[in-house]
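The structure file coords-v2.txt is reproduced below (compact mmCIF, C-alpha atoms and all ligand atoms).
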# COMPACT_ATOMS: atom_id res chain seq x y z
CA MET A 1 58.43 197.40 28.30
CA ARG A 2 60.75 194.92 26.64
CA ILE A 3 60.80 191.24 27.59
CA THR A 4 63.06 188.53 26.27
CA PHE A 5 61.34 185.22 25.48
CA VAL A 6 63.96 182.53 25.78
CA THR A 7 63.02 179.46 23.77
CA SER A 8 64.43 177.26 21.05
CA ASN A 9 60.92 177.26 19.53
CA GLU A 10 60.22 180.27 17.29
CA HIS A 11 56.48 179.43 17.10
CA LYS A 12 56.12 179.98 20.85
CA ALA A 13 57.84 183.36 20.59
CA ARG A 14 55.59 184.42 17.71
CA GLU A 15 52.42 183.47 19.60
CA ALA A 16 53.67 185.37 22.67
CA ALA A 17 54.49 188.49 20.65
CA GLY A 18 50.89 188.47 19.35
CA ILE A 19 49.35 188.21 22.82
CA LEU A 20 51.63 190.72 24.54
CA ALA A 21 51.42 193.24 21.66
CA GLY A 22 50.70 196.78 22.84
CA LEU A 23 51.98 196.04 26.34
CA ALA A 24 55.42 194.57 25.83
CA GLU A 25 57.82 194.18 22.99
CA VAL A 26 58.92 190.55 22.85
CA GLU A 27 62.47 189.87 21.83
CA HIS A 28 63.20 186.23 21.00
CA ILE A 29 66.48 184.68 22.05
CA PRO A 30 66.82 181.07 20.87
CA LEU A 31 68.87 179.89 23.84
CA GLU A 32 68.85 176.17 24.58
CA ILE A 33 67.99 175.86 28.28
CA PRO A 34 68.67 172.81 30.46
CA GLU A 35 65.29 171.46 31.69
CA LEU A 36 64.52 170.23 35.19
CA ARG A 37 62.74 166.89 35.43
CA HIS A 38 59.36 167.62 36.97
CA GLU A 39 55.77 166.56 36.36
CA SER A 40 54.57 170.18 36.38
CA VAL A 41 55.02 172.40 33.31
CA THR A 42 54.83 175.40 35.65
CA GLU A 43 57.79 174.18 37.73
CA VAL A 44 59.81 173.39 34.61
CA ALA A 45 59.03 176.84 33.15
CA ALA A 46 60.12 178.51 36.41
CA GLY A 47 63.43 176.63 36.27
CA LYS A 48 63.97 177.67 32.65
CA ALA A 49 63.22 181.33 33.44
CA ALA A 50 65.57 181.34 36.45
CA TYR A 51 68.33 179.88 34.33
CA ALA A 52 67.68 182.36 31.49
CA TYR A 53 67.70 185.28 33.94
CA SER A 54 70.99 184.10 35.47
CA VAL A 55 72.56 184.19 32.00
CA LEU A 56 70.92 187.31 30.53
CA ARG A 57 70.25 189.52 33.61
CA ARG A 58 67.20 191.20 32.04
CA PRO A 59 63.44 190.54 32.22
CA VAL A 60 62.77 187.12 30.68
CA ILE A 61 59.92 184.73 30.07
CA ALA A 62 60.14 181.01 29.52
CA ASP A 63 57.49 178.49 28.52
CA ASP A 64 57.17 174.80 29.15
CA THR A 65 54.39 172.90 27.47
CA GLY A 66 53.12 169.34 27.64
CA LEU A 67 50.45 167.16 26.08
CA PHE A 68 48.80 164.96 28.72
CA ILE A 69 46.85 162.02 27.26
CA ARG A 70 44.37 160.47 29.70
CA ALA A 71 44.45 156.91 28.28
CA LEU A 72 48.27 156.97 28.56
CA ASN A 73 48.18 158.17 32.19
CA GLY A 74 49.35 161.66 31.24
CA PHE A 75 52.10 160.61 28.82
CA PRO A 76 54.04 162.34 27.23
CA GLY A 77 53.50 165.20 29.76
CA THR A 78 56.66 167.14 30.47
CA CYS A 79 58.58 164.75 28.15
CA SER A 80 56.58 166.08 25.18
CA ALA A 81 59.56 167.60 23.35
CA TYR A 82 61.56 164.37 23.55
CA VAL A 83 58.56 162.30 22.44
CA GLN A 84 57.76 164.68 19.56
CA ASN A 85 61.37 164.36 18.38
CA THR A 86 61.47 160.58 18.72
CA LEU A 87 57.97 159.11 18.12
CA GLY A 88 56.28 162.13 16.55
CA ASN A 89 52.55 162.43 16.02
CA ASN A 90 52.32 159.09 14.19
CA GLY A 91 54.01 157.38 17.11
CA ILE A 92 51.47 158.89 19.52
CA LEU A 93 48.62 157.70 17.31
CA ALA A 94 50.14 154.20 17.19
CA LEU A 95 50.40 154.11 21.00
CA MET A 96 46.71 155.01 21.21
CA ALA A 97 45.49 152.27 18.89
CA GLY A 98 42.67 150.43 20.61
CA TYR A 99 41.92 153.15 23.18
CA ALA A 100 38.37 154.51 22.97
CA ASP A 101 39.18 157.36 25.38
CA ARG A 102 40.92 159.96 23.19
CA SER A 103 40.78 162.79 25.70
CA ALA A 104 43.84 164.87 26.44
CA SER A 105 44.87 168.21 27.83
CA PHE A 106 47.49 170.65 26.68
CA LYS A 107 49.18 172.58 29.47
CA THR A 108 51.61 175.50 29.38
CA GLY A 109 53.60 177.01 32.20
CA ILE A 110 54.69 180.60 31.59
CA ALA A 111 57.35 181.96 33.93
CA TYR A 112 58.54 185.54 34.24
CA HIS A 113 61.77 186.50 35.98
CA ASP A 114 63.40 189.90 36.49
CA GLU A 115 65.73 191.43 39.07
CA SER A 116 63.03 191.76 41.72
CA CYS A 117 60.40 189.11 41.07
CA GLN A 118 59.52 185.72 39.72
CA ARG A 119 55.97 184.78 38.74
CA SER A 120 54.49 181.73 37.06
CA PHE A 121 51.18 181.22 35.27
CA THR A 122 49.50 178.14 33.88
CA GLY A 123 47.14 177.65 30.97
CA SER A 124 45.32 174.42 30.18
CA ILE A 125 42.77 173.28 27.59
CA GLN A 126 40.89 170.04 27.07
CA GLY A 127 40.68 168.29 23.74
CA THR A 128 40.75 165.03 21.83
CA ILE A 129 43.52 163.18 20.01
CA VAL A 130 42.52 162.75 16.36
CA LEU A 131 44.06 161.79 13.01
CA PRO A 132 46.19 164.72 11.75
CA ARG A 133 44.28 167.63 10.18
CA GLY A 134 45.42 171.10 9.19
CA CYS A 135 48.75 172.58 8.25
CA ASN A 136 49.15 175.61 10.54
CA GLY A 137 50.90 175.64 13.88
CA PHE A 138 53.55 173.14 14.93
CA GLY A 139 54.29 170.09 17.06
CA TYR A 140 51.15 168.30 18.25
CA ASP A 141 48.74 170.85 16.75
CA PRO A 142 47.53 168.59 13.88
CA ILE A 143 46.40 165.80 16.26
CA PHE A 144 44.83 167.93 19.02
CA GLU A 145 41.21 168.86 18.41
CA THR A 146 39.31 171.36 20.52
CA GLY A 147 35.94 172.96 19.72
CA GLY A 148 35.61 170.98 16.45
CA LYS A 149 38.95 172.01 14.94
CA THR A 150 42.50 170.85 15.39
CA LEU A 151 44.90 173.58 16.51
CA ALA A 152 46.58 173.18 13.11
CA GLU A 153 43.28 174.09 11.39
CA MET A 154 43.32 177.45 13.16
CA ASN A 155 45.31 180.47 12.09
CA MET A 156 47.47 182.09 14.77
CA GLU A 157 44.77 184.59 15.78
CA GLU A 158 42.26 181.77 16.36
CA LYS A 159 44.77 179.64 18.24
CA ASN A 160 45.70 182.69 20.33
CA ARG A 161 42.06 183.07 21.35
CA CYS A 162 41.78 179.59 22.87
CA SER A 163 45.11 177.89 23.42
CA HIS A 164 46.80 176.69 26.58
CA ARG A 165 49.67 179.11 25.85
CA ALA A 166 47.25 181.99 25.24
CA ILE A 167 45.59 181.41 28.64
CA GLY A 168 48.96 181.47 30.40
CA LEU A 169 50.16 184.51 28.46
CA HIS A 170 46.93 186.45 29.10
CA ALA A 171 47.41 185.82 32.81
CA LEU A 172 50.97 187.15 32.51
CA ARG A 173 49.71 190.13 30.50
CA GLY A 174 47.11 190.98 33.16
CA TRP A 175 49.70 190.79 35.90
CA LEU A 176 52.25 192.89 33.98
CA ALA A 177 49.59 195.49 33.22
CA GLY A 178 48.79 195.72 36.95
CA GLU A 179 52.47 196.08 37.79
CA GLU A 180 52.99 199.02 35.45
P1 LIG B 201 61.82 175.33 24.56
O1 LIG B 201 63.16 175.73 24.03
O2 LIG B 201 60.94 176.49 24.93
O3 LIG B 201 61.91 174.29 25.65
P2 LIG B 201 60.48 173.21 23.07
O4 LIG B 201 59.78 173.19 21.74
O5 LIG B 201 61.52 172.16 23.35
O6 LIG B 201 61.06 174.67 23.28
P3 LIG B 201 58.87 172.23 25.29
O7 LIG B 201 60.00 171.67 26.07
O8 LIG B 201 57.84 173.02 26.01
O9 LIG B 201 59.34 173.20 24.13
O10 LIG B 201 58.26 171.03 24.48
C1 LIG B 201 56.96 170.87 24.19
C2 LIG B 201 56.75 169.97 23.00
O11 LIG B 201 55.38 170.16 22.66
C3 LIG B 201 57.57 170.33 21.76
O12 LIG B 201 57.73 169.19 20.96
C4 LIG B 201 56.67 171.32 21.05
O13 LIG B 201 56.83 171.27 19.63
C5 LIG B 201 55.29 170.84 21.44
N1 LIG B 201 54.41 171.99 21.64
C6 LIG B 201 54.61 173.04 22.49
N2 LIG B 201 53.62 173.93 22.37
C7 LIG B 201 52.78 173.44 21.43
C8 LIG B 201 51.60 173.92 20.84
O14 LIG B 201 51.07 175.09 21.18
N3 LIG B 201 51.03 173.16 19.91
C9 LIG B 201 51.54 171.97 19.54
N4 LIG B 201 52.67 171.46 20.02
C10 LIG B 201 53.30 172.19 20.96

Same coordinates, now as C-alpha cells:
Amino acid sequence: MRITFVTSNEHKAREAAGILAGLAEVEHIPLEIPELRHESVTEVAAGKAAYAYSVLRRPVIADDTGLFIRALNGFPGTCSAYVQNTLGNNGILALMAGYADRSASFKTGIAYHDESCQRSFTGSIQGTIVLPRGCNGFGYDPIFETGGKTLAEMNMEEKNRCSHRAIGLHALRGWLAGEE
C-alpha cells in the first residue's frame, strides 16, 4: 500500500514513515494546504486531507498538531504553526513567566482520505513546559517535557514510542491493517 503524506513539514513525514513501515510506503508531498480555522486538530486535519485528496486523487494523509498550554487557556492550540513562526519557543516561555502551572498537552489529528472513505484519528499526550533541552526533533520539542525528558532529548524511535503523533498514527495503522 502506498500513501501520500501531504505536509510542508518533513519531520512529520519522517515520523509517519517510521510508524507505518512494513504496512504502507509513505510518499511525502510538500504541498502547502489552506487550513480551516477550528479549535480541533482533528477537524483541521480532516479539512487538509479532503483538500489534498481533491488535488491529488490518491490515498492521502494529513496531520494537524497543536500545543495546548493550560495556564494560557489552551493557547497556542490550532494556531501553533503561526505562533512558532512568530513568537517561537522563547516567546512562549516569556508568556508563561510567573505561571506556576506549566502543564500542557500536545495533540495531533491524523486524517486519511481516499476515493471511498475518510477517517480521522487523534493522539494526545500530557507534559510540562520547561526551559529548552535537547537538539533532536523540531518545533516545540525542546520545551515540552514528558516522562522526564523533553521530546528533543529523544531520538526518533523514542519519540515514536510515546508522542501525540505516534498515538494517532498507530490508530491509523491499526485501522488500515484491518481494512486490508
Ligand atoms: P503542515 O504543512 O502539515 O500544516 P506545519 O508544521 O505547519 O505543517 P501544523 O499546522 O500542524 O504543521 O503546525 C503545528 C506547529 O507545531 C508547527 O510549528 C510545528 O513545527 C509544531 N509541531 C508539530 N508537531 C510537532 C512535534 O511533534 N513536536 C514539536 N513541534 C511540533

Dump as CSV the rows for residues of chain A within 7 Å of ligand LIG 201 (chain B): closest atom pair and distance in Å with one decimal, all atoms listed in the file counted, ordered by chain and rising residue number.
residue,atom,partner,partner_atom,distance
A:Val6,CA,B:LIG201,O2,6.8
A:Thr7,CA,B:LIG201,O1,3.7
A:Ser8,CA,B:LIG201,O1,3.6
A:Asn9,CA,B:LIG201,O6,4.6
A:Lys12,CA,B:LIG201,N2,6.7
A:Glu32,CA,B:LIG201,O1,5.7
A:Ile33,CA,B:LIG201,O1,6.4
A:Ala62,CA,B:LIG201,O2,6.5
A:Asp63,CA,B:LIG201,O2,5.4
A:Asp64,CA,B:LIG201,O8,3.7
A:Thr65,CA,B:LIG201,O8,3.7
A:Gly66,CA,B:LIG201,C1,5.4
A:Leu67,CA,B:LIG201,O11,6.7
A:Ser80,CA,B:LIG201,C2,4.5
A:Ala81,CA,B:LIG201,O12,3.4
A:Tyr82,CA,B:LIG201,O12,6.7
A:Gln84,CA,B:LIG201,O12,4.7
A:Asn85,CA,B:LIG201,O12,6.6
A:Gly137,CA,B:LIG201,N3,6.5
A:Phe138,CA,B:LIG201,C9,5.2
A:Gly139,CA,B:LIG201,N4,3.6
A:Tyr140,CA,B:LIG201,C9,3.9
A:Asp141,CA,B:LIG201,C9,4.1
A:Ser163,CA,B:LIG201,O14,7.0
A:Arg165,CA,B:LIG201,O14,6.3

For the residues in that selection, give me C-alpha atoms as a PDB file, keeping the file's coordinate frame.
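The resulting file, result_29.pdb, is shown below:
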ATOM      1  CA  VAL A   6      63.960 182.530  25.780  1.00  0.00           C
ATOM      2  CA  THR A   7      63.020 179.460  23.770  1.00  0.00           C
ATOM      3  CA  SER A   8      64.430 177.260  21.050  1.00  0.00           C
ATOM      4  CA  ASN A   9      60.920 177.260  19.530  1.00  0.00           C
ATOM      5  CA  LYS A  12      56.120 179.980  20.850  1.00  0.00           C
ATOM      6  CA  GLU A  32      68.850 176.170  24.580  1.00  0.00           C
ATOM      7  CA  ILE A  33      67.990 175.860  28.280  1.00  0.00           C
ATOM      8  CA  ALA A  62      60.140 181.010  29.520  1.00  0.00           C
ATOM      9  CA  ASP A  63      57.490 178.490  28.520  1.00  0.00           C
ATOM     10  CA  ASP A  64      57.170 174.800  29.150  1.00  0.00           C
ATOM     11  CA  THR A  65      54.390 172.900  27.470  1.00  0.00           C
ATOM     12  CA  GLY A  66      53.120 169.340  27.640  1.00  0.00           C
ATOM     13  CA  LEU A  67      50.450 167.160  26.080  1.00  0.00           C
ATOM     14  CA  SER A  80      56.580 166.080  25.180  1.00  0.00           C
ATOM     15  CA  ALA A  81      59.560 167.600  23.350  1.00  0.00           C
ATOM     16  CA  TYR A  82      61.560 164.370  23.550  1.00  0.00           C
ATOM     17  CA  GLN A  84      57.760 164.680  19.560  1.00  0.00           C
ATOM     18  CA  ASN A  85      61.370 164.360  18.380  1.00  0.00           C
ATOM     19  CA  GLY A 137      50.900 175.640  13.880  1.00  0.00           C
ATOM     20  CA  PHE A 138      53.550 173.140  14.930  1.00  0.00           C
ATOM     21  CA  GLY A 139      54.290 170.090  17.060  1.00  0.00           C
ATOM     22  CA  TYR A 140      51.150 168.300  18.250  1.00  0.00           C
ATOM     23  CA  ASP A 141      48.740 170.850  16.750  1.00  0.00           C
ATOM     24  CA  SER A 163      45.110 177.890  23.420  1.00  0.00           C
ATOM     25  CA  ARG A 165      49.670 179.110  25.850  1.00  0.00           C
TER      26      ARG A 165
END

(request) Could you jot down the CA of Gln126 (chain A) to CA of Leu20 (chain A) separation for me, Å, one decimal place? (result)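 Going from CA of Gln126 (chain A) over to CA of Leu20 (chain A), I get 23.4 Å.
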
Within 6 Å of Ile61 (chain A), counting all atoms listed in the file, which residues qualify if same-chain residues fewer than 5 places away don't, as a short mmCIF file (atom, residue, chain, number, x, y, z; two decimals) with C-alpha atoms, keeping the file's coordinate frame?
data_model
loop_
_atom_site.label_atom_id
_atom_site.label_comp_id
_atom_site.auth_asym_id
_atom_site.auth_seq_id
_atom_site.Cartn_x
_atom_site.Cartn_y
_atom_site.Cartn_z
CA PHE A 5 61.34 185.22 25.48
CA ALA A 49 63.22 181.33 33.44
CA ALA A 111 57.35 181.96 33.93
CA TYR A 112 58.54 185.54 34.24
#

(request) Tell me which of A:Glu157, A:Val60, A:Pro34, A:Leu93 sits closest to Met1 (chain A), counting only C-alpha atoms. (result)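 The closest residue to Met1 (chain A) is A:Val60.
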
(request) Could you check how far CA of Leu95 (chain A) sits from CA of Gly77 (chain A), in Å to one decimal? (result) 14.5 Å

(message) Residues within 6 Å of Phe144 (chain A), please, as a VMD selection string. Count all atoms listed in the file; anything in the same chain fewer than 3 positions from it doesn't count.
(response) chain A and resid 128 to 129 141 150

(message) One number please: CA of Ala17 (chain A) to CA of Asn155 (chain A), in Å, one decimal.
(response) 14.9 Å

(message) I'd like the neighbourhood of Lys159 (chain A) as a list in words, where a residue qualifies if any of its atoms comes within 12 Å (using all atoms listed in the file), though same-chain residues fewer than 5 positions away should be ignored.
(response) His11, Lys12, Arg14, Glu15, Ala16, Gly18, Ile19, Ile125, Asn136, Gly137, Phe138, Asp141, Phe144, Glu145, Thr146, Gly147, Lys149, Thr150, Leu151, Ala152, Glu153, Met154, His164, Arg165, Ala166 and Ile167 of chain A
